[in-house]
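J.: File protein17.txt follows (compact mmCIF, C-alpha atoms):
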```txt
# COMPACT_ATOMS: atom_id res chain seq x y z
CA MET R 1 115.67 -77.51 98.29
CA SER R 2 113.07 -78.88 95.91
CA ASP R 3 112.57 -82.02 98.03
CA SER R 4 111.28 -80.03 100.96
CA HIS R 5 109.35 -77.54 98.85
CA ALA R 6 106.30 -76.83 100.95
CA GLY R 7 103.60 -76.31 98.35
CA HIS R 8 104.40 -79.47 96.50
CA ALA R 9 105.32 -81.87 99.23
CA GLY R 10 103.10 -84.50 97.65
CA HIS R 11 100.51 -84.38 100.48
CA ASP R 12 102.45 -86.95 102.46
CA PRO R 13 100.62 -87.16 105.84
CA ALA R 14 103.89 -87.43 107.81
CA GLU R 15 105.20 -84.34 106.01
CA ILE R 16 102.01 -82.41 106.79
CA ASP R 17 102.21 -83.48 110.46
CA LYS R 18 105.72 -82.12 110.57
CA HIS R 19 104.49 -78.82 109.13
CA VAL R 20 101.69 -78.61 111.69
CA ARG R 21 104.12 -79.17 114.59
CA THR R 22 106.28 -76.35 113.24
CA TYR R 23 103.25 -74.05 112.96
CA VAL R 24 102.32 -74.67 116.60
CA MET R 25 105.88 -73.96 117.76
CA VAL R 26 106.07 -70.77 115.70
CA PHE R 27 102.67 -69.71 117.10
CA ALA R 28 103.93 -70.16 120.68
CA SER R 29 107.13 -68.21 119.88
CA LEU R 30 105.11 -65.37 118.36
CA LEU R 31 102.91 -65.14 121.45
CA VAL R 32 105.95 -65.07 123.77
CA LEU R 33 107.60 -62.36 121.64
CA THR R 34 104.38 -60.30 121.66
CA VAL R 35 104.26 -60.42 125.47
CA LEU R 36 107.97 -59.56 125.55
CA THR R 37 107.64 -56.52 123.28
CA VAL R 38 104.76 -55.13 125.37
CA ALA R 39 106.62 -55.88 128.63
CA VAL R 40 109.73 -54.05 127.40
CA SER R 41 107.63 -51.00 126.54
CA TYR R 42 106.63 -50.74 130.22
CA LEU R 43 110.30 -50.49 131.23
CA HIS R 44 110.32 -47.01 129.63
CA LEU R 45 113.79 -47.42 128.19
CA GLU R 46 115.61 -44.47 126.69
CA ILE R 47 114.17 -43.89 123.19
CA HIS R 48 117.10 -45.23 121.14
CA ALA R 49 117.27 -48.41 123.19
CA ALA R 50 113.47 -48.77 123.08
CA VAL R 51 113.39 -48.42 119.26
CA THR R 52 116.26 -50.89 118.85
CA VAL R 53 114.69 -53.53 121.11
CA ALA R 54 111.22 -53.11 119.57
CA LEU R 55 112.56 -53.38 116.01
CA ILE R 56 114.70 -56.42 116.83
CA ILE R 57 111.72 -58.24 118.36
CA ALA R 58 109.46 -57.20 115.44
CA SER R 59 112.06 -58.40 112.93
CA ILE R 60 112.34 -61.78 114.65
CA LYS R 61 108.54 -62.13 114.64
CA ALA R 62 108.32 -61.07 110.98
CA SER R 63 111.07 -63.55 110.05
CA LEU R 64 109.22 -66.38 111.81
CA VAL R 65 106.04 -65.56 109.88
CA ALA R 66 107.85 -65.22 106.53
CA LEU R 67 110.04 -68.32 106.97
CA PHE R 68 107.50 -70.77 108.37
CA PHE R 69 103.96 -69.56 107.66
CA MET R 70 104.88 -68.21 104.22
CA HIS R 71 107.25 -71.16 103.64
CA LEU R 72 110.18 -69.00 102.57
CA ILE R 73 112.52 -71.42 104.34
CA SER R 74 111.79 -74.08 101.72
CA GLU R 75 110.76 -71.87 98.82
CA ARG R 76 112.22 -71.96 95.32
CA GLN R 77 115.18 -69.77 94.56
CA ILE R 78 113.33 -67.46 92.16
CA ILE R 79 110.95 -66.35 94.96
CA LEU R 80 113.91 -65.77 97.29
CA LEU R 81 115.54 -63.66 94.58
CA ILE R 82 112.39 -61.59 94.06
CA MET R 83 112.11 -60.97 97.80
CA ALA R 84 115.83 -60.24 98.23
CA LEU R 85 115.56 -57.61 95.50
CA THR R 86 112.44 -56.19 97.18
CA ALA R 87 114.18 -56.10 100.55
CA ALA R 88 117.12 -54.21 99.05
CA PHE R 89 114.80 -51.59 97.53
CA ALA R 90 112.79 -51.36 100.75
CA VAL R 91 115.97 -50.67 102.73
CA VAL R 92 116.85 -47.82 100.35
CA LEU R 93 113.30 -46.48 100.70
CA LEU R 94 113.58 -46.54 104.50
CA LEU R 95 116.98 -44.86 104.38
CA LEU R 96 115.69 -41.95 102.28
CA PRO R 97 114.37 -40.12 105.39
CA ALA R 98 117.91 -40.17 106.82
CA ILE R 99 119.06 -38.11 103.84
CA THR R 100 116.05 -35.82 104.20
CA ASN R 101 116.78 -35.31 107.88
CA HIS R 102 120.37 -34.50 107.18
CA ASP R 103 119.09 -31.77 104.91
CA HIS R 104 116.63 -30.66 107.57
CA ILE R 105 119.39 -30.24 110.16
CA ILE R 106 121.30 -27.97 107.80
CA THR R 107 118.35 -25.79 106.80
CA SER R 108 117.01 -25.52 110.36
CA ASN R 109 120.18 -23.62 111.25
CA MET R 110 119.24 -20.96 108.74
CA PRO R 111 116.08 -19.31 110.10
CA ALA R 112 116.64 -16.26 107.90
CA ALA R 113 116.07 -18.30 104.74
CA THR R 114 112.83 -19.75 106.11
CA THR R 115 111.58 -16.33 107.18
CA SER R 116 112.30 -14.77 103.82
CA THR R 117 110.46 -17.62 102.07
CA VAL R 118 107.40 -17.05 104.25
CA THR R 119 107.57 -13.29 103.73
CA SER R 120 107.87 -13.58 99.99
CA SER R 121 105.00 -16.03 99.75
CA GLU R 122 102.89 -13.80 101.99
CA SER R 123 103.63 -10.76 99.88
CA ALA R 124 102.87 -12.79 96.79
CA ALA R 125 99.49 -13.65 98.30
CA HIS R 126 98.89 -9.94 98.92
CA HIS R 127 99.31 -9.08 95.26
CA MET F 128 88.47 -73.45 81.48
CA SER F 129 90.52 -71.02 83.50
CA ALA F 130 93.42 -73.44 83.24
CA GLU F 131 93.48 -72.74 79.51
CA LEU F 132 93.35 -68.97 79.94
CA ILE F 133 96.18 -68.87 82.46
CA PRO F 134 98.59 -71.79 82.09
CA TYR F 135 100.41 -73.51 84.95
CA ILE F 136 97.99 -72.65 87.74
CA THR F 137 97.57 -76.29 88.77
CA GLU F 138 100.82 -77.78 87.57
CA GLU F 139 104.24 -76.28 88.13
CA ARG F 140 105.84 -74.49 85.24
CA PRO F 141 108.91 -76.55 84.31
CA ASP F 142 111.40 -73.67 84.14
CA THR F 143 110.44 -71.91 87.38
CA GLY F 144 109.34 -75.01 89.29
CA LEU F 145 106.37 -72.99 90.52
CA THR F 146 102.78 -72.33 89.55
CA ASN F 147 102.19 -68.98 87.87
CA GLY F 148 99.81 -68.08 90.68
CA LYS F 149 102.59 -68.47 93.24
CA ILE F 150 104.97 -66.22 91.30
CA GLY F 151 102.11 -63.76 90.80
CA ILE F 152 101.21 -63.47 94.46
CA TRP F 153 104.86 -63.01 95.49
CA CYS F 154 105.36 -60.24 92.89
CA PHE F 155 102.19 -58.61 94.22
CA LEU F 156 103.50 -58.90 97.79
CA ALA F 157 106.77 -57.32 96.63
CA SER F 158 104.75 -54.30 95.43
CA GLU F 159 102.92 -54.30 98.77
CA VAL F 160 106.24 -54.15 100.63
CA MET F 161 107.07 -50.99 98.70
CA LEU F 162 103.58 -49.52 99.28
CA PHE F 163 103.81 -49.96 103.04
CA GLY F 164 107.53 -49.10 102.89
CA ALA F 165 106.61 -45.63 101.59
CA PHE F 166 104.35 -45.09 104.60
CA PHE F 167 106.98 -46.39 107.03
CA ALA F 168 109.47 -44.00 105.43
CA SER F 169 106.94 -41.16 105.82
CA TYR F 170 106.53 -42.11 109.47
CA ILE F 171 110.30 -41.90 109.98
CA VAL F 172 110.42 -38.47 108.30
CA LEU F 173 107.53 -37.13 110.38
CA ARG F 174 108.79 -38.56 113.63
CA THR F 175 112.48 -37.70 113.39
CA SER F 176 111.79 -34.15 112.22
CA ALA F 177 109.10 -33.47 114.83
CA VAL F 178 109.98 -31.25 117.79
CA GLU F 179 107.62 -33.25 119.95
CA TRP F 180 106.15 -36.69 119.32
CA PRO F 181 103.66 -38.35 121.69
CA HIS F 182 104.36 -41.79 123.12
CA GLY F 183 101.84 -44.07 121.41
CA SER F 184 100.47 -45.40 124.69
CA SER F 185 99.57 -41.86 125.85
CA ILE F 186 96.97 -41.59 123.06
CA LEU F 187 96.28 -45.15 121.91
CA ASN F 188 94.90 -48.18 123.71
CA VAL F 189 97.77 -50.68 124.15
CA PRO F 190 95.71 -53.55 125.69
CA LEU F 191 93.28 -53.48 122.74
CA ALA F 192 96.14 -53.40 120.22
CA THR F 193 97.93 -56.25 122.03
CA THR F 194 94.71 -58.26 121.84
CA ASN F 195 94.53 -57.47 118.13
CA THR F 196 98.12 -58.64 117.68
CA VAL F 197 97.24 -61.97 119.28
CA VAL F 198 94.08 -62.15 117.13
CA LEU F 199 96.06 -61.70 113.89
CA ILE F 200 98.82 -64.12 114.90
CA THR F 201 96.19 -66.72 115.81
CA SER F 202 94.44 -66.16 112.48
CA SER F 203 97.73 -66.78 110.67
CA VAL F 204 98.06 -70.13 112.43
CA THR F 205 94.46 -71.12 111.66
CA MET F 206 95.15 -70.14 108.02
CA VAL F 207 98.07 -72.55 107.68
CA MET F 208 96.09 -75.19 109.59
CA ALA F 209 93.24 -74.77 107.06
CA TRP F 210 95.73 -75.29 104.24
CA ALA F 211 97.26 -78.35 105.95
CA SER F 212 93.76 -79.80 106.52
CA LEU F 213 92.93 -79.25 102.86
CA MET F 214 96.09 -81.11 101.82
CA ARG F 215 95.06 -83.96 104.11
CA GLY F 216 91.65 -83.95 102.42
CA ASP F 217 89.89 -83.22 105.72
CA MET F 218 87.24 -80.80 104.43
CA SER F 219 85.40 -80.33 107.74
CA LYS F 220 88.59 -79.23 109.49
CA TYR F 221 89.48 -77.07 106.49
CA ARG F 222 86.13 -75.29 106.81
CA MET F 223 86.51 -74.98 110.57
CA PHE F 224 90.01 -73.46 110.43
CA LEU F 225 89.24 -71.15 107.49
CA GLY F 226 85.98 -70.13 109.21
CA ILE F 227 87.94 -69.25 112.37
CA THR F 228 90.42 -67.28 110.23
CA VAL F 229 87.63 -65.18 108.71
CA GLY F 230 86.00 -64.86 112.15
CA LEU F 231 89.25 -63.58 113.66
CA GLY F 232 89.38 -61.04 110.82
CA PHE F 233 85.97 -59.75 111.94
CA CYS F 234 87.25 -59.75 115.53
CA PHE F 235 90.26 -57.63 114.49
CA LEU F 236 88.04 -55.14 112.64
CA GLY F 237 85.60 -55.01 115.56
CA ILE F 238 88.38 -54.10 117.99
CA LYS F 239 89.71 -51.56 115.48
CA TYR F 240 86.20 -50.08 115.26
CA VAL F 241 86.12 -49.67 119.05
CA GLU F 242 89.53 -47.98 118.94
CA TYR F 243 88.60 -45.63 116.10
CA SER F 244 85.27 -44.73 117.75
CA ALA F 245 87.02 -43.80 121.00
CA LYS F 246 89.40 -41.53 119.07
CA PHE F 247 86.56 -39.86 117.14
CA GLU F 248 84.58 -39.33 120.36
CA HIS F 249 87.51 -37.45 121.88
CA ASP F 250 87.90 -35.41 118.71
CA LEU F 251 91.22 -37.12 117.97
CA LEU F 252 90.96 -36.90 114.19
CA PRO F 253 93.64 -37.32 111.51
CA SER F 254 93.63 -33.53 111.07
CA LYS F 255 94.60 -33.01 114.72
CA ASN F 256 98.34 -33.72 114.39
CA ASN F 257 100.91 -35.69 112.42
CA PHE F 258 100.89 -38.60 114.85
CA LEU F 259 97.16 -39.15 114.41
CA ALA F 260 97.41 -38.55 110.66
CA ILE F 261 100.02 -41.29 110.16
CA TYR F 262 98.23 -43.53 112.68
CA PHE F 263 94.94 -43.40 110.78
CA ILE F 264 96.61 -43.67 107.36
CA MET F 265 98.70 -46.72 108.26
CA THR F 266 96.12 -48.59 110.32
CA GLY F 267 93.43 -47.62 107.78
CA LEU F 268 95.43 -48.99 104.86
CA HIS F 269 96.20 -52.09 106.89
CA GLY F 270 92.50 -52.43 107.76
CA LEU F 271 91.61 -52.36 104.05
CA HIS F 272 94.08 -55.21 103.53
CA VAL F 273 92.43 -57.17 106.34
CA ILE F 274 89.07 -56.72 104.58
CA GLY F 275 90.60 -57.82 101.26
CA GLY F 276 92.10 -60.94 102.83
CA MET F 277 88.80 -61.76 104.53
CA ILE F 278 86.92 -61.52 101.22
CA THR F 279 89.24 -63.99 99.45
CA ASN F 280 89.30 -66.33 102.46
CA ALA F 281 85.50 -66.20 102.71
CA TYR F 282 85.31 -67.02 99.00
CA PHE F 283 87.50 -70.12 99.45
CA LEU F 284 85.41 -71.08 102.47
CA PHE F 285 82.10 -71.00 100.64
CA ALA F 286 83.22 -71.88 97.09
CA ALA F 287 85.43 -74.83 98.07
CA ASN F 288 82.85 -77.34 96.85
CA SER F 289 82.89 -75.95 93.33
CA TYR F 290 86.57 -76.97 93.08
CA LEU F 291 86.00 -80.55 94.20
CA PRO F 292 86.75 -83.20 93.23
CA HIS F 293 88.48 -82.34 89.93
CA ASP F 294 90.26 -79.10 90.82
CA ARG F 295 91.44 -80.05 94.29
CA GLN F 296 95.08 -79.18 93.56
CA LEU F 297 93.98 -75.81 92.14
CA LEU F 298 92.06 -75.11 95.36
CA ILE F 299 95.12 -76.08 97.44
CA ASN F 300 97.31 -73.71 95.40
CA ARG F 301 94.84 -70.85 95.64
CA VAL F 302 94.28 -71.27 99.35
CA GLU F 303 98.05 -71.22 99.83
CA ASN F 304 98.25 -67.97 97.83
CA SER F 305 95.37 -66.44 99.76
CA GLY F 306 97.22 -67.49 102.92
CA LEU F 307 100.41 -65.80 101.73
CA PHE F 308 98.48 -62.54 101.46
CA TRP F 309 96.93 -63.08 104.88
CA HIS F 310 100.34 -63.72 106.49
CA PHE F 311 101.66 -60.56 104.85
CA VAL F 312 98.83 -58.60 106.49
CA ASP F 313 99.88 -60.15 109.82
CA LEU F 314 103.51 -59.29 109.09
CA VAL F 315 102.70 -55.60 108.47
CA TRP F 316 100.82 -55.44 111.77
CA ILE F 317 103.83 -56.93 113.57
CA PHE F 318 105.72 -53.71 112.66
CA LEU F 319 102.77 -51.30 112.99
CA PHE F 320 102.01 -52.38 116.54
CA PRO F 321 105.33 -51.40 118.18
CA ILE F 322 106.01 -48.26 116.12
CA LEU F 323 102.55 -46.75 116.65
CA TYR F 324 101.59 -48.06 120.08
CA LEU F 325 104.73 -48.84 122.02
CA LEU F 326 107.32 -46.22 121.03
```
What does the file become when written as structure tokens?

T.:
Amino acid sequence: MSDSHAGHAGHDPAEIDKHVRTYVMVFASLLVLTVLTVAVSYLHLEIHAAVTVALIIASIKASLVALFFMHLISERQIILLIMALTAAFAVVLLLLPAITNHDHIITSNMPAATTSTVTSSESAAHH
Amino acid sequence: MSAELIPYITEERPDTGLTNGKIGIWCFLASEVMLFGAFFASYIVLRTSAVEWPHGSSILNVPLATTNTVVLITSSVTMVMAWASLMRGDMSKYRMFLGITVGLGFCFLGIKYVEYSAKFEHDLLPSKNNFLAIYFIMTGLHGLHVIGGMITNAYFLFAANSYLPHDRQLLINRVENSGLFWHFVDLVWIFLFPILYLL
């Protein structure tokens, strides 16, 4: 891993040329994927399919940027560990709404509770 | 002098195999992931609990946002090209690529200004509904990051000479770190674009 470490490649011209070729290829891929994601949105897919496709394309694009432009593909292990930990926490953060929504579904079936809350707060405001 | 205040900014620290600046910027980016993650989570809460949610393209301008996506992706490429040119020691190309990167940042903000103005003209303000509220919050926060990235890139464009010839490696390291931040800004937009405009 350390041999190909991007930031410390020793400024070898051949190595830099190789990097530049990769950058150009990644650039082209990102452009194609951008066109693709916009094109798919015009198909007006059913919402679940549309979200899935859009997130898959976005994740591929994000991975290309992180791996090649941000050099994660040849980065030291400690950075990969930091980002793996961050990714794990971010996933938990993004899953929190699922728990909230589960709660929402339960409470939305109890309009009486909501009404009484509003009434009590309104009467409180009166006093 | 700064090398004495913060060690291992030019040379790698033996135990981590990295400069302290590199570790620092990645830890900062980790915190940024969580910052934007909180807003993405808020978006999911608002959207999934909403009775009705507008399709982004019915309110927002998709062609302008697509153009902005291409602008940011291009600026990420010119950023790495600037870094590669700097490693080659080709200062004129370094200046050209970094100049284009900053210029594309202005281009992005200009297009964003046009978009925001059109919304304001039609009285589509953040207070109007949850969709517009989260749209302005997320793109606004992202816009601030674009400005931040442009400031550091502009600094390395104009202050490059003060690093040469003795602190060339320090400049290379710092430009790489500035680039890491810039790519992160691009990466956030890659997710913002579909969730706000295309879904």

J.: Identify every residue of chain F that has at least one atom within 6 Å of any atom of chain R, counting all atoms listed in the file, and report the result as a list in words.

T.: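 Every residue of chain F that passes the 6 Å test is in Ala157, Ala168, Val172, Met214, Leu307, Leu314, Ile317, Phe318 and Leu325 of chain F.
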
J.: Take the residues that were just selected and, keeping C-alpha atoms, output them as a PDB file, keeping the file's coordinate frame.

T.:
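What landed in out.pdb:
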```
ATOM      1  CA  ALA F 157     106.770 -57.320  96.630  1.00  0.00           C
ATOM      2  CA  ALA F 168     109.470 -44.000 105.430  1.00  0.00           C
ATOM      3  CA  VAL F 172     110.420 -38.470 108.300  1.00  0.00           C
ATOM      4  CA  MET F 214      96.090 -81.110 101.820  1.00  0.00           C
ATOM      5  CA  LEU F 307     100.410 -65.800 101.730  1.00  0.00           C
ATOM      6  CA  LEU F 314     103.510 -59.290 109.090  1.00  0.00           C
ATOM      7  CA  ILE F 317     103.830 -56.930 113.570  1.00  0.00           C
ATOM      8  CA  PHE F 318     105.720 -53.710 112.660  1.00  0.00           C
ATOM      9  CA  LEU F 325     104.730 -48.840 122.020  1.00  0.00           C
TER      10      LEU F 325
END
```

J.: Please write as an MDAnalysis selection string the list of polymer residues whose atoms come within 8 Å of (91.1, -73.6, 108.1), counting only C-alpha atoms and keeping to the coordinates of the file.

T.: chainID F and resid 205:210 212:213 220:228

J.: Interatomic distance between CA of Tyr324 in chain F and CA of Gly276 in chain F?

T.: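 Distance reported for this atom pair: 23.5 Å.
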
J.: With all atoms listed in the file as the basis for distance, which of F:Asn257, F:Thr143, F:Asn195, F:Thr175 is at the shortest distance from Val273 in chain F?

T.: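 With all atoms listed in the file as the atom set, the closest residue is F:Asn195.
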
J.: Give me, as a ChimeraX atom specification, all polymer residues having an atom no more than 12 Å from Gly183 in chain F, counting only C-alpha atoms and skipping those fewer than 2 positions away in the same chain.

T.: /R:41 /F:174,180-181,185-189,192,258-259,261-262,319-326

J.: When you draw a straight line from CA of Phe163 in chain F to CA of Phe311 in chain F, how long is it in Å?

T.: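 Between CA of Phe163 in chain F and CA of Phe311 in chain F the gap works out to 11.0 Å.
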
J.: Which residues come within 12 Å of Gly275 in chain F, counting only C-alpha atoms, excluding same-chain residues fewer than 5 positions away, as a list of chain:residue names?

T.: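 Close residues of Gly275 in chain F: F:Val229, F:Gly232, F:Phe233, F:Leu236, F:Leu268, F:His269, F:Gly270, F:Asn280, F:Ala281, F:Tyr282, F:Ser305, F:Gly306, F:Phe308, F:Trp309, F:Phe311, F:Val312.
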
J.: Find, counting all atoms listed in the file, the residue in F:Ile278, F:Leu191, F:Leu199, F:Val315 that gets nearest to Val241 in chain F.

T.: F:Leu191

J.: With distances taken over only C-alpha atoms, which residue among R:Leu81, R:Ile73, R:Ala49, R:Leu36 lies nearest Thr22 in chain R?

T.: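 Among R:Leu81, R:Ile73, R:Ala49, R:Leu36, it is R:Ile73 that comes nearest to Thr22 in chain R.
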
J.: Can you measure CA of Ser74 in chain R to CA of Pro134 in chain F for me? One decimal in Å is fine.

T.: 23.8 Å

J.: Calculated over all atoms listed in the file, which of the candidates F:Leu162, F:Val204, F:Ala211, F:Met218 has the smallest distance to Ala287 in chain F?

T.: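 Looking at the shortest contact to Ala287 in chain F, the residue is F:Met218.
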
J.: Would you mind listing what lies within 9 Å of Glu138 in chain F as a list in words, with all atoms listed in the file counted and same-chain residues fewer than 6 positions away left out?

T.: Leu145, Thr146, Asn147, Gln296 and Leu297 of chain F
